[in-house]
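Only one structure is covered here, and it is reproduced in the block below.
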Amino acid sequence: MSTHAQRLAGAAAAVALAFGYAASAAAQEISGSATTTGSPMSANLVPITQPMLDAAGGDAKNWIHPNGSYDQTRYYPGAQINATNVGKLKPAFVFQTAVLESMETAPIVVNGVMFLTTSFNHVYAIDATTGVEYWHYKQKLGPIVTVCCGNNNRGVAVAEGKLYMGTIDAKLVALDAKTGKFLWETQIADPEKGYSETMAPAVVDGKVIIGTNGGEYGIRGFVKAFDANDGKLLWTFYTIPETGHEGVWAVNDATGRDMHRDIAAEKAAFAKDASFFQKLGGGVWMTPAIDKKTRTVFFVVGNPSPDLYGAIRPGDNLYTDSMVAIDLDKGTYKWHSQYIAHDVWDLDAVSAPILTQAKDKSGKMVDVVIHGGKTGHIYVHERNTGTLIRFSQAMVPQENMWVLPTKDGARMLPGANGGVEWSPMAINPKLRMAYAANLHQPMTYHVEEVAYPGGKLWLGGAFKTIPGEEQSGRLVAVNLDTGKVGWSVKTPQPLIGGTLATAGNLVFNGEANGWFKAFDASNGKELWKYNCGAGVNAPAVSYMVGGKQYVAVAAGGNNQIDAKRGNSVFVFAMP
Amino acid sequence: MTKIPLFALAALVAATAAQAQPDAAKMAAVREKAQVCFGCHGPDGNSQSADYPILAGQSWRYIYIELQDFKAGRRTDPQMTPMVANLSRDDMIDLGNFFAAQKQLPIKFAADPAKVDAGRKTSDAVLCPMCHLGGFVGQNEIPRVAGQYPQYIKKQLEDFKARRRTNDAGNMTSVAGTLSDGDIENLSQYIANLY
């Protein structure tokens, strides 16, 4: 899973972060779940039907999946705002929430009604053209919340008049979209053991599909499907199989580089004890992609636990650090493809998979599923078998891969946040490009031999940023058919948040310093920018109301890279 | 070894919302349960001795987790280990909430200003506030240390460094590993003086 905040640049920043926490904590002392009503709900709000969800990728009016469609291309089909006129884009309104803490939400927009979430599981329904508030829901959180990297939430799923949200105390909650009233909740897993929810779920054919956080706590990861009507559990796929998680004792990673494993020692340890699968980690905390045609769910699996101390968990640690495909109706295994076997660097697979097409090795266009890795590569898999067709050129500097962590620390690039962190990528199928938000954070990797601490943070060592070494970000366009970098733009701070591509030949991306920018999708030329005053560390969305296109993005900063906190969603349109 | 350990201790089990809020009657019942603790930890958890930590005003989750760890053997102490043997999960939650709700009183302690100043600098350099928060007020599973007995703080840091105390999954060991005896003394004075 992700990675732990704390590779910060200096003590001063840390103190600021700390005080920020204290303040926000005090603000969040909520006595119970509550919905407050602002204005009467818009009469235009309609229940989202399954056909609407299926056709969302071509719907320029609404944004009804966190990543735009089941394919998760984050490619908006409208072109009213485009590369020739984007320079005139202006804020239409700013909506301020009551929660001053990291925002990672992907707003959902239905017929001019926007649903957005904040840290600590608040949900707002607002007018997507004016910011007028319809209702505000605050989840009553249980006494025990265990999160490694902030009290984040990345958004709701919507279907048939209901909203679905995962909570940081590991529940699935259903709300009435029209009123914001609580309908039901289901405890997904035990927060005391390190389980929590930050991802936006997926909803399809009456099922709500959700994974879990907790790879820093010795959980056993899963993806579960719940009945969208009543929250009843339908199936569970464990990302750590009870048997076979040792895999094939892979020597090399997916790109063919030696991982320097001591396979003989691992095999000996495995023969003595293979019972650790219950605590082997493998969180899934970004929304899965869904192929309705083949009834398949695609997701990537996070790091093994503990992150850096591998001797205690011999084997490939399947299906950690892998792309996995399972059956939508039964939750049964179809295939997996592992990027890093026996990961001891927390360079796991996080960013949401995208379903698209790309040329295979023979040049034939085939269905693929792609993933942007913390390693700095974009991986392109044949969709039916998982076969890795290609991996891209490295998007960020790589150095000393795969040196093993040591007591005093071994330097290796990328740092443990990537590459591409959870930030969802976007693609432009016409230009054949994928757009990825990357980090560059030089780090040393330290191992500490520690036993399972009982639901407490369990890194098995530490990642340390290197004082004096510059950190930066890189927005990179990669050709899907060749894996070659088309263009890249360096940013002064590491990038977390994700990208949006549009048919207007644009790419939108936010930065920790508050800049929200639009680029020419074909060459990376900066065409427009606006400073939101707080870190833009959330993925943008676009929609149309009354024949006018809008672009919305949250500016709430980020816990993990300590980007300045805010509490706002900015919405832009042509004047 | 870097002098400024920018470790990713991340314990950012950040401030959770909504801690349990026991009512008055329940608190009275829990006070009965807590009587046995007062013997060493002092009235309402305001310890009178540097050998025993002050519990009044401590994070409830931290107390709960430590009690669990004593029971599970992840942390051992000749006095505490037998005390927790018969505590249920609910007992531990109750005790955590009880002591969290008590007011911490100042200790009698004359700080050495030079050590306090040096301790503050060390604290900033090793990023203590990142988890313990500014003023060492603690959060969630991360304990409040402000105003604790300096001798107790010193002992814990030494125990972490020497791996005599390991129930934190090595996070504090990573921090303490780069601290000299002088650093530990200064930090103890600085933190004890925060009230």
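Every chain in the structure tokens takes a letter, A first, then B, and so on in the order presented; its residues are numbered from 1, and the ligands are numbered from 1 following the presented order.
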ask   = Mind checking DSSP for range 97-309 of chain A and telling me the strand (DSSP E or B) residues as a PyMOL selection string?
value = chain A and resi 108-110+113-118+122-127+133-138+149+157-159+162-166+171-176+182-187+196+202-204+207-210+212-213+220+222-227+233-238+252+258+281+284+289-291+296-300+304
task = For range 32-34 of chain B, list every protein, DNA or RNA residue within 9 Å, evaluated using only C-alpha atoms, and leave out those in the same chain fewer than 5 positions away; present the list as number ranges by chain.
result = B: 27, 44-45, 91, 94-95, 98-99
Could you save those same residues with all heavy atoms as a PDB file, in the first residue's frame?
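This went into selection-v2.pdb:
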ATOM      1  N   MET B  27     -18.940   5.850  33.893  1.00  0.00           N
ATOM      2  CA  MET B  27     -17.631   6.286  34.366  1.00  0.00           C
ATOM      3  C   MET B  27     -17.426   5.911  35.829  1.00  0.00           C
ATOM      4  O   MET B  27     -16.333   5.507  36.232  1.00  0.00           O
ATOM      5  CB  MET B  27     -17.486   7.810  34.200  1.00  0.00           C
ATOM      6  CG  MET B  27     -17.161   8.247  32.803  1.00  0.00           C
ATOM      7  SD  MET B  27     -15.577   7.609  32.214  1.00  0.00           S
ATOM      8  CE  MET B  27     -14.535   9.020  32.551  1.00  0.00           C
ATOM      9  N   ASP B  44      -6.526   8.662  40.042  1.00  0.00           N
ATOM     10  CA  ASP B  44      -6.993   9.003  38.693  1.00  0.00           C
ATOM     11  C   ASP B  44      -5.875   8.956  37.648  1.00  0.00           C
ATOM     12  O   ASP B  44      -5.952   9.612  36.609  1.00  0.00           O
ATOM     13  CB  ASP B  44      -7.654  10.392  38.668  1.00  0.00           C
ATOM     14  CG  ASP B  44      -8.988  10.387  39.387  1.00  0.00           C
ATOM     15  OD1 ASP B  44      -9.476   9.289  39.723  1.00  0.00           O
ATOM     16  OD2 ASP B  44      -9.532  11.475  39.615  1.00  0.00           O
ATOM     17  N   GLY B  45      -4.845   8.186  37.954  1.00  0.00           N
ATOM     18  CA  GLY B  45      -3.779   8.022  36.957  1.00  0.00           C
ATOM     19  C   GLY B  45      -2.722   9.100  37.002  1.00  0.00           C
ATOM     20  O   GLY B  45      -1.874   9.164  36.116  1.00  0.00           O
ATOM     21  N   ASP B  91     -12.932  -4.412  29.262  1.00  0.00           N
ATOM     22  CA  ASP B  91     -12.234  -3.791  30.404  1.00  0.00           C
ATOM     23  C   ASP B  91     -11.163  -2.832  29.896  1.00  0.00           C
ATOM     24  O   ASP B  91     -10.999  -1.723  30.400  1.00  0.00           O
ATOM     25  CB  ASP B  91     -11.519  -4.863  31.256  1.00  0.00           C
ATOM     26  CG  ASP B  91     -12.501  -5.746  32.024  1.00  0.00           C
ATOM     27  OD1 ASP B  91     -13.650  -5.310  32.246  1.00  0.00           O
ATOM     28  OD2 ASP B  91     -12.106  -6.876  32.396  1.00  0.00           O
ATOM     29  N   ASP B  94     -12.647   0.264  28.475  1.00  0.00           N
ATOM     30  CA  ASP B  94     -13.157   1.104  29.566  1.00  0.00           C
ATOM     31  C   ASP B  94     -12.019   1.827  30.275  1.00  0.00           C
ATOM     32  O   ASP B  94     -12.100   3.020  30.559  1.00  0.00           O
ATOM     33  CB  ASP B  94     -13.911   0.240  30.585  1.00  0.00           C
ATOM     34  CG  ASP B  94     -15.263  -0.219  30.047  1.00  0.00           C
ATOM     35  OD1 ASP B  94     -15.709   0.340  29.022  1.00  0.00           O
ATOM     36  OD2 ASP B  94     -15.862  -1.128  30.652  1.00  0.00           O
ATOM     37  N   LEU B  95     -10.980   1.086  30.588  1.00  0.00           N
ATOM     38  CA  LEU B  95      -9.854   1.695  31.308  1.00  0.00           C
ATOM     39  C   LEU B  95      -9.184   2.773  30.451  1.00  0.00           C
ATOM     40  O   LEU B  95      -8.821   3.841  30.944  1.00  0.00           O
ATOM     41  CB  LEU B  95      -8.835   0.623  31.715  1.00  0.00           C
ATOM     42  CG  LEU B  95      -9.314  -0.310  32.836  1.00  0.00           C
ATOM     43  CD1 LEU B  95      -8.360  -1.500  32.995  1.00  0.00           C
ATOM     44  CD2 LEU B  95      -9.445   0.439  34.162  1.00  0.00           C
ATOM     45  N   PHE B  98     -11.400   5.740  30.585  1.00  0.00           N
ATOM     46  CA  PHE B  98     -11.400   6.367  31.914  1.00  0.00           C
ATOM     47  C   PHE B  98     -10.176   7.268  32.084  1.00  0.00           C
ATOM     48  O   PHE B  98     -10.296   8.444  32.423  1.00  0.00           O
ATOM     49  CB  PHE B  98     -11.424   5.300  33.017  1.00  0.00           C
ATOM     50  CG  PHE B  98     -11.266   5.898  34.384  1.00  0.00           C
ATOM     51  CD1 PHE B  98     -12.348   6.489  35.019  1.00  0.00           C
ATOM     52  CD2 PHE B  98     -10.032   5.910  35.018  1.00  0.00           C
ATOM     53  CE1 PHE B  98     -12.193   7.089  36.271  1.00  0.00           C
ATOM     54  CE2 PHE B  98      -9.869   6.506  36.258  1.00  0.00           C
ATOM     55  CZ  PHE B  98     -10.952   7.100  36.890  1.00  0.00           C
ATOM     56  N   PHE B  99      -9.012   6.706  31.840  1.00  0.00           N
ATOM     57  CA  PHE B  99      -7.804   7.496  32.074  1.00  0.00           C
ATOM     58  C   PHE B  99      -7.688   8.649  31.070  1.00  0.00           C
ATOM     59  O   PHE B  99      -7.202   9.728  31.401  1.00  0.00           O
ATOM     60  CB  PHE B  99      -6.556   6.608  32.053  1.00  0.00           C
ATOM     61  CG  PHE B  99      -6.424   5.771  33.303  1.00  0.00           C
ATOM     62  CD1 PHE B  99      -6.555   4.387  33.258  1.00  0.00           C
ATOM     63  CD2 PHE B  99      -6.199   6.376  34.533  1.00  0.00           C
ATOM     64  CE1 PHE B  99      -6.448   3.625  34.410  1.00  0.00           C
ATOM     65  CE2 PHE B  99      -6.094   5.614  35.696  1.00  0.00           C
ATOM     66  CZ  PHE B  99      -6.222   4.238  35.637  1.00  0.00           C
TER      67      PHE B  99
END
key: Close residues, range 192-194 of chain B itself excluded, 12 Å, only C-alpha atoms, min 6 positions apart in chain, as a PyMOL selection string   = chain B and resi 50+53-54+104-113+115-117+119-120+134-137+144-154+184-186
Would you export the selected residues with N, CA and C atoms as an mmCIF file, in the first residue's frame, please?
data_model
loop_
_atom_site.group_PDB
_atom_site.id
_atom_site.type_symbol
_atom_site.label_atom_id
_atom_site.label_comp_id
_atom_site.auth_asym_id
_atom_site.auth_seq_id
_atom_site.Cartn_x
_atom_site.Cartn_y
_atom_site.Cartn_z
ATOM 1 N N ALA B 50 8.155 8.458 39.739
ATOM 2 C CA ALA B 50 8.760 8.433 38.405
ATOM 3 C C ALA B 50 8.901 7.011 37.866
ATOM 4 N N PRO B 53 4.306 5.474 34.929
ATOM 5 C CA PRO B 53 3.877 6.573 34.056
ATOM 6 C C PRO B 53 2.541 7.188 34.483
ATOM 7 N N ILE B 54 2.403 8.450 34.211
ATOM 8 C CA ILE B 54 1.110 9.132 34.382
ATOM 9 C C ILE B 54 0.175 8.635 33.281
ATOM 10 N N GLN B 104 -4.691 15.499 33.560
ATOM 11 C CA GLN B 104 -3.288 15.293 33.925
ATOM 12 C C GLN B 104 -2.818 16.468 34.778
ATOM 13 N N LEU B 105 -2.137 16.162 35.902
ATOM 14 C CA LEU B 105 -1.626 17.217 36.781
ATOM 15 C C LEU B 105 -0.121 17.390 36.542
ATOM 16 N N PRO B 106 0.387 18.590 36.807
ATOM 17 C CA PRO B 106 1.824 18.799 36.582
ATOM 18 C C PRO B 106 2.677 18.038 37.596
ATOM 19 N N ILE B 107 3.825 17.622 37.170
ATOM 20 C CA ILE B 107 4.742 16.943 38.096
ATOM 21 C C ILE B 107 5.663 17.980 38.725
ATOM 22 N N LYS B 108 6.235 17.590 39.877
ATOM 23 C CA LYS B 108 7.220 18.475 40.507
ATOM 24 C C LYS B 108 8.555 18.196 39.830
ATOM 25 N N PHE B 109 9.064 19.203 39.136
ATOM 26 C CA PHE B 109 10.225 18.932 38.297
ATOM 27 C C PHE B 109 10.874 20.253 37.918
ATOM 28 N N ALA B 110 12.158 20.374 38.215
ATOM 29 C CA ALA B 110 12.875 21.592 37.844
ATOM 30 C C ALA B 110 13.744 21.280 36.631
ATOM 31 N N ALA B 111 13.328 21.782 35.496
ATOM 32 C CA ALA B 111 14.044 21.465 34.259
ATOM 33 C C ALA B 111 15.331 22.289 34.141
ATOM 34 N N ASP B 112 16.280 21.704 33.463
ATOM 35 C CA ASP B 112 17.534 22.417 33.153
ATOM 36 C C ASP B 112 17.321 23.126 31.809
ATOM 37 N N PRO B 113 17.306 24.469 31.820
ATOM 38 C CA PRO B 113 16.954 25.194 30.585
ATOM 39 C C PRO B 113 17.843 24.841 29.395
ATOM 40 N N LYS B 115 19.274 21.965 28.772
ATOM 41 C CA LYS B 115 18.864 20.641 28.274
ATOM 42 C C LYS B 115 17.519 20.718 27.556
ATOM 43 N N VAL B 116 16.616 21.523 28.076
ATOM 44 C CA VAL B 116 15.305 21.684 27.439
ATOM 45 C C VAL B 116 15.485 22.242 26.033
ATOM 46 N N ASP B 117 16.347 23.234 25.917
ATOM 47 C CA ASP B 117 16.567 23.851 24.613
ATOM 48 C C ASP B 117 17.199 22.849 23.632
ATOM 49 N N GLY B 119 16.993 19.640 23.843
ATOM 50 C CA GLY B 119 15.992 18.592 23.602
ATOM 51 C C GLY B 119 14.987 19.006 22.540
ATOM 52 N N ARG B 120 14.613 20.274 22.587
ATOM 53 C CA ARG B 120 13.657 20.765 21.586
ATOM 54 C C ARG B 120 14.258 20.655 20.189
ATOM 55 N N GLY B 134 2.753 18.256 17.711
ATOM 56 C CA GLY B 134 3.413 19.381 18.367
ATOM 57 C C GLY B 134 2.988 19.420 19.824
ATOM 58 N N GLY B 135 3.954 19.645 20.726
ATOM 59 C CA GLY B 135 3.613 19.644 22.145
ATOM 60 C C GLY B 135 3.484 18.247 22.721
ATOM 61 N N PHE B 136 3.772 17.234 21.925
ATOM 62 C CA PHE B 136 3.731 15.826 22.379
ATOM 63 C C PHE B 136 2.392 15.465 23.026
ATOM 64 N N VAL B 137 1.318 15.940 22.432
ATOM 65 C CA VAL B 137 -0.002 15.649 23.007
ATOM 66 C C VAL B 137 -0.547 14.291 22.566
ATOM 67 N N ARG B 144 0.490 10.391 24.280
ATOM 68 C CA ARG B 144 0.853 11.689 24.840
ATOM 69 C C ARG B 144 2.073 11.461 25.724
ATOM 70 N N VAL B 145 3.086 12.287 25.575
ATOM 71 C CA VAL B 145 4.271 12.169 26.429
ATOM 72 C C VAL B 145 4.514 13.468 27.192
ATOM 73 N N ALA B 146 3.871 14.531 26.783
ATOM 74 C CA ALA B 146 4.063 15.831 27.426
ATOM 75 C C ALA B 146 3.809 15.719 28.918
ATOM 76 N N GLY B 147 4.717 16.274 29.719
ATOM 77 C CA GLY B 147 4.510 16.323 31.165
ATOM 78 C C GLY B 147 4.710 14.999 31.875
ATOM 79 N N GLN B 148 5.207 14.013 31.177
ATOM 80 C CA GLN B 148 5.500 12.699 31.773
ATOM 81 C C GLN B 148 6.782 12.817 32.593
ATOM 82 N N TYR B 149 6.987 11.899 33.525
ATOM 83 C CA TYR B 149 8.225 11.937 34.318
ATOM 84 C C TYR B 149 9.452 11.766 33.409
ATOM 85 N N PRO B 150 10.449 12.624 33.574
ATOM 86 C CA PRO B 150 11.624 12.533 32.693
ATOM 87 C C PRO B 150 12.341 11.193 32.836
ATOM 88 N N GLN B 151 12.363 10.678 34.064
ATOM 89 C CA GLN B 151 13.031 9.386 34.259
ATOM 90 C C GLN B 151 12.318 8.288 33.456
ATOM 91 N N TYR B 152 11.007 8.373 33.407
ATOM 92 C CA TYR B 152 10.231 7.370 32.677
ATOM 93 C C TYR B 152 10.457 7.502 31.166
ATOM 94 N N ILE B 153 10.460 8.742 30.699
ATOM 95 C CA ILE B 153 10.701 8.970 29.262
ATOM 96 C C ILE B 153 12.073 8.414 28.875
ATOM 97 N N LYS B 154 13.055 8.718 29.723
ATOM 98 C CA LYS B 154 14.420 8.287 29.453
ATOM 99 C C LYS B 154 14.496 6.759 29.382
ATOM 100 N N ILE B 184 19.122 11.651 24.592
ATOM 101 C CA ILE B 184 18.008 11.058 25.340
ATOM 102 C C ILE B 184 17.746 11.858 26.612
ATOM 103 N N GLU B 185 18.812 12.243 27.285
ATOM 104 C CA GLU B 185 18.661 13.058 28.498
ATOM 105 C C GLU B 185 17.975 14.388 28.156
ATOM 106 N N ASN B 186 18.441 15.027 27.088
ATOM 107 C CA ASN B 186 17.867 16.326 26.717
ATOM 108 C C ASN B 186 16.404 16.209 26.311
#
Proximity of range 221-316 of chain A to range 390-405 of chain A: per-residue shortest pair, 12 Å limit, only C-alpha atoms, as JSON lines:
{"residue": "A:Val251", "atom": "CA", "partner": "A:Trp402", "partner_atom": "CA", "distance": 11.2}
{"residue": "A:Asn252", "atom": "CA", "partner": "A:Trp402", "partner_atom": "CA", "distance": 9.6}
{"residue": "A:Asp253", "atom": "CA", "partner": "A:Trp402", "partner_atom": "CA", "distance": 9.2}
{"residue": "A:Ala254", "atom": "CA", "partner": "A:Phe391", "partner_atom": "CA", "distance": 8.5}
{"residue": "A:Thr255", "atom": "CA", "partner": "A:Phe391", "partner_atom": "CA", "distance": 7.2}
{"residue": "A:Gly256", "atom": "CA", "partner": "A:Phe391", "partner_atom": "CA", "distance": 10.7}
{"residue": "A:Arg257", "atom": "CA", "partner": "A:Trp402", "partner_atom": "CA", "distance": 7.6}
{"residue": "A:Asp258", "atom": "CA", "partner": "A:Trp402", "partner_atom": "CA", "distance": 6.9}
{"residue": "A:Met259", "atom": "CA", "partner": "A:Trp402", "partner_atom": "CA", "distance": 5.2}
{"residue": "A:His260", "atom": "CA", "partner": "A:Trp402", "partner_atom": "CA", "distance": 6.9}
{"residue": "A:Arg261", "atom": "CA", "partner": "A:Leu404", "partner_atom": "CA", "distance": 8.5}
{"residue": "A:Asp262", "atom": "CA", "partner": "A:Leu404", "partner_atom": "CA", "distance": 10.7}
{"residue": "A:Asp307", "atom": "CA", "partner": "A:Pro405", "partner_atom": "CA", "distance": 10.6}
{"residue": "A:Leu308", "atom": "CA", "partner": "A:Pro405", "partner_atom": "CA", "distance": 7.1}
{"residue": "A:Tyr309", "atom": "CA", "partner": "A:Pro405", "partner_atom": "CA", "distance": 8.4}
{"residue": "A:Gly310", "atom": "CA", "partner": "A:Pro405", "partner_atom": "CA", "distance": 9.6}
{"residue": "A:Ala311", "atom": "CA", "partner": "A:Pro405", "partner_atom": "CA", "distance": 11.5}
Selected residues, N, CA and C atoms, written as a CSV table (one decimal), in the first residue's frame, please.
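That gives us part-v2.csv:
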chain,number,residue,atom,x,y,z
A,251,VAL,N,12.9,-15.2,-10.1
A,251,VAL,CA,14.2,-14.6,-9.8
A,251,VAL,C,14.2,-13.1,-10.3
A,252,ASN,N,13.5,-12.9,-11.4
A,252,ASN,CA,13.5,-11.5,-12.0
A,252,ASN,C,12.1,-10.9,-11.8
A,253,ASP,N,12.1,-9.6,-11.9
A,253,ASP,CA,10.8,-8.9,-11.9
A,253,ASP,C,10.2,-8.9,-13.3
A,254,ALA,N,9.1,-8.3,-13.5
A,254,ALA,CA,8.4,-8.4,-14.8
A,254,ALA,C,9.2,-7.8,-15.9
A,255,THR,N,10.1,-6.9,-15.6
A,255,THR,CA,10.9,-6.3,-16.6
A,255,THR,C,12.3,-7.0,-16.8
A,256,GLY,N,12.4,-8.2,-16.1
A,256,GLY,CA,13.6,-9.0,-16.4
A,256,GLY,C,14.8,-8.7,-15.5
A,257,ARG,N,14.6,-7.8,-14.5
A,257,ARG,CA,15.8,-7.5,-13.6
A,257,ARG,C,15.8,-8.4,-12.4
A,258,ASP,N,17.1,-8.8,-12.1
A,258,ASP,CA,17.3,-9.7,-10.9
A,258,ASP,C,16.9,-9.0,-9.6
A,259,MET,N,16.1,-9.7,-8.8
A,259,MET,CA,15.6,-9.1,-7.5
A,259,MET,C,16.5,-9.5,-6.4
A,260,HIS,N,17.6,-10.2,-6.6
A,260,HIS,CA,18.6,-10.6,-5.6
A,260,HIS,C,17.9,-11.3,-4.4
A,261,ARG,N,17.0,-12.2,-4.7
A,261,ARG,CA,16.4,-13.0,-3.6
A,261,ARG,C,17.4,-14.2,-3.3
A,262,ASP,N,17.3,-14.5,-2.0
A,262,ASP,CA,18.0,-15.7,-1.6
A,262,ASP,C,17.0,-16.9,-1.6
A,307,ASP,N,6.3,-4.5,5.0
A,307,ASP,CA,6.7,-3.9,3.8
A,307,ASP,C,8.2,-4.2,3.4
A,308,LEU,N,9.1,-4.1,4.4
A,308,LEU,CA,10.5,-4.1,4.0
A,308,LEU,C,11.2,-5.4,4.6
A,309,TYR,N,10.6,-6.1,5.5
A,309,TYR,CA,11.2,-7.2,6.1
A,309,TYR,C,10.7,-8.5,5.4
A,310,GLY,N,11.4,-9.0,4.5
A,310,GLY,CA,10.9,-10.1,3.7
A,310,GLY,C,11.2,-11.5,4.2
A,311,ALA,N,12.2,-11.7,5.1
A,311,ALA,CA,12.6,-13.0,5.5
A,311,ALA,C,11.5,-13.7,6.2
Contacts between range 104-120 of chain A and range 182-294 of chain A, please, where a residue of range 182-294 of chain A counts if it comes within 10 Å (with only C-alpha atoms); show its shortest atom pair and distance in Å to one decimal, rows by chain and ascending number, as CSV.
residue,atom,partner,partner_atom,distance
A:Thr198,CA,A:Ser119,CA,8.9
A:Met199,CA,A:Thr105,CA,9.2
A:Ala200,CA,A:Ala106,CA,8.3
Which of B:Tyr195, B:Gly73, B:Ala100, B:Ser174 sits closest to Asp408 in chain A [using only C-alpha atoms] = B:Ser174
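Note that CA of Asn303 in chain A and CA of Val344 in chain A are 8.5 Å apart.
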request  = Mind checking which residues fall within 9 Å of range 60-71 of chain B, counting only C-alpha atoms, ignoring those fewer than 6 positions away in the same chain, and posting them as number ranges by chain?
outcome  = A: 143-144, 453-454, 456; B: 19, 77, 80-87, 89, 92-101, 138-144, 167
ask   = Looking at only C-alpha atoms, which of B:Gln189, B:Thr178, B:Gln35, B:Gln102 is the one that sits closest to chain A?
value = B:Thr178
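Each of B:Val175, B:Ala169, B:Ala72, B:Ala118 was checked against chain A using only C-alpha atoms; the smallest atom-to-atom distance is that of B:Ala169.
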task = Write down as a ChimeraX atom specification the residues of range 164-392 of chain A whose backbone DSSP state falls under helix (DSSP H, G or I).
result = /A:191-193,263-272,275-279
Restricting it to N, CA and C atoms, dump the selection as a JSON list (two decimals), in the first residue's frame.
[["chain", "number", "residue", "atom", "x", "y", "z"],
["A", 191, "PRO", "N", -11.50, -3.03, 11.86],
["A", 191, "PRO", "CA", -10.51, -1.94, 11.81],
["A", 191, "PRO", "C", -9.39, -2.12, 12.83],
["A", 192, "GLU", "N", -9.67, -2.87, 13.86],
["A", 192, "GLU", "CA", -8.64, -3.07, 14.89],
["A", 192, "GLU", "C", -7.48, -3.91, 14.35],
["A", 193, "LYS", "N", -7.75, -4.67, 13.30],
["A", 193, "LYS", "CA", -6.68, -5.46, 12.69],
["A", 193, "LYS", "C", -6.00, -4.71, 11.55],
["A", 263, "ILE", "N", 16.76, -17.46, -2.75],
["A", 263, "ILE", "CA", 15.66, -18.41, -2.93],
["A", 263, "ILE", "C", 15.84, -19.65, -2.04],
["A", 264, "ALA", "N", 17.08, -20.09, -1.90],
["A", 264, "ALA", "CA", 17.31, -21.29, -1.07],
["A", 264, "ALA", "C", 16.88, -21.04, 0.37],
["A", 265, "ALA", "N", 17.28, -19.89, 0.89],
["A", 265, "ALA", "CA", 16.90, -19.55, 2.27],
["A", 265, "ALA", "C", 15.40, -19.40, 2.39],
["A", 266, "GLU", "N", 14.79, -18.80, 1.38],
["A", 266, "GLU", "CA", 13.33, -18.62, 1.42],
["A", 266, "GLU", "C", 12.62, -19.97, 1.41],
["A", 267, "LYS", "N", 13.12, -20.88, 0.57],
["A", 267, "LYS", "CA", 12.47, -22.19, 0.48],
["A", 267, "LYS", "C", 12.57, -22.93, 1.81],
["A", 268, "ALA", "N", 13.73, -22.81, 2.45],
["A", 268, "ALA", "CA", 13.91, -23.48, 3.74],
["A", 268, "ALA", "C", 12.96, -22.90, 4.78],
["A", 269, "ALA", "N", 12.83, -21.58, 4.78],
["A", 269, "ALA", "CA", 11.93, -20.93, 5.74],
["A", 269, "ALA", "C", 10.49, -21.30, 5.45],
["A", 270, "PHE", "N", 10.16, -21.40, 4.17],
["A", 270, "PHE", "CA", 8.78, -21.72, 3.78],
["A", 270, "PHE", "C", 8.41, -23.14, 4.21],
["A", 271, "ALA", "N", 9.39, -24.06, 4.11],
["A", 271, "ALA", "CA", 9.14, -25.45, 4.50],
["A", 271, "ALA", "C", 8.83, -25.53, 6.00],
["A", 272, "LYS", "N", 9.42, -24.65, 6.76],
["A", 272, "LYS", "CA", 9.19, -24.66, 8.21],
["A", 272, "LYS", "C", 7.83, -24.08, 8.57],
["A", 275, "SER", "N", 2.32, -20.48, 7.36],
["A", 275, "SER", "CA", 1.03, -20.07, 7.91],
["A", 275, "SER", "C", 0.83, -18.56, 7.91],
["A", 276, "PHE", "N", 1.81, -17.84, 7.40],
["A", 276, "PHE", "CA", 1.77, -16.38, 7.48],
["A", 276, "PHE", "C", 0.81, -15.75, 6.49],
["A", 277, "PHE", "N", 0.14, -16.57, 5.68],
["A", 277, "PHE", "CA", -0.74, -15.98, 4.65],
["A", 277, "PHE", "C", -1.84, -15.11, 5.26],
["A", 278, "GLN", "N", -2.19, -15.38, 6.51],
["A", 278, "GLN", "CA", -3.25, -14.58, 7.17],
["A", 278, "GLN", "C", -2.82, -13.14, 7.40],
["A", 279, "LYS", "N", -1.52, -12.89, 7.37],
["A", 279, "LYS", "CA", -1.03, -11.54, 7.67],
["A", 279, "LYS", "C", -0.15, -11.01, 6.54]]
inquiry  = Which residues are near Asp183 in chain B? Cut-off 7 Å, only C-alpha atoms, ignore same chain within fewer than 4 positions. Put them as number ranges by chain.
reply    = B: 119, 122, 179, 187
query = Restricting the calculation to only C-alpha atoms, which member of A:Asp327, A:Asp205, A:Glu511, A:Glu382 is positioned closest to Asn438 in chain A?
reply =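 With only C-alpha atoms as the atom set, the closest residue is A:Glu511.
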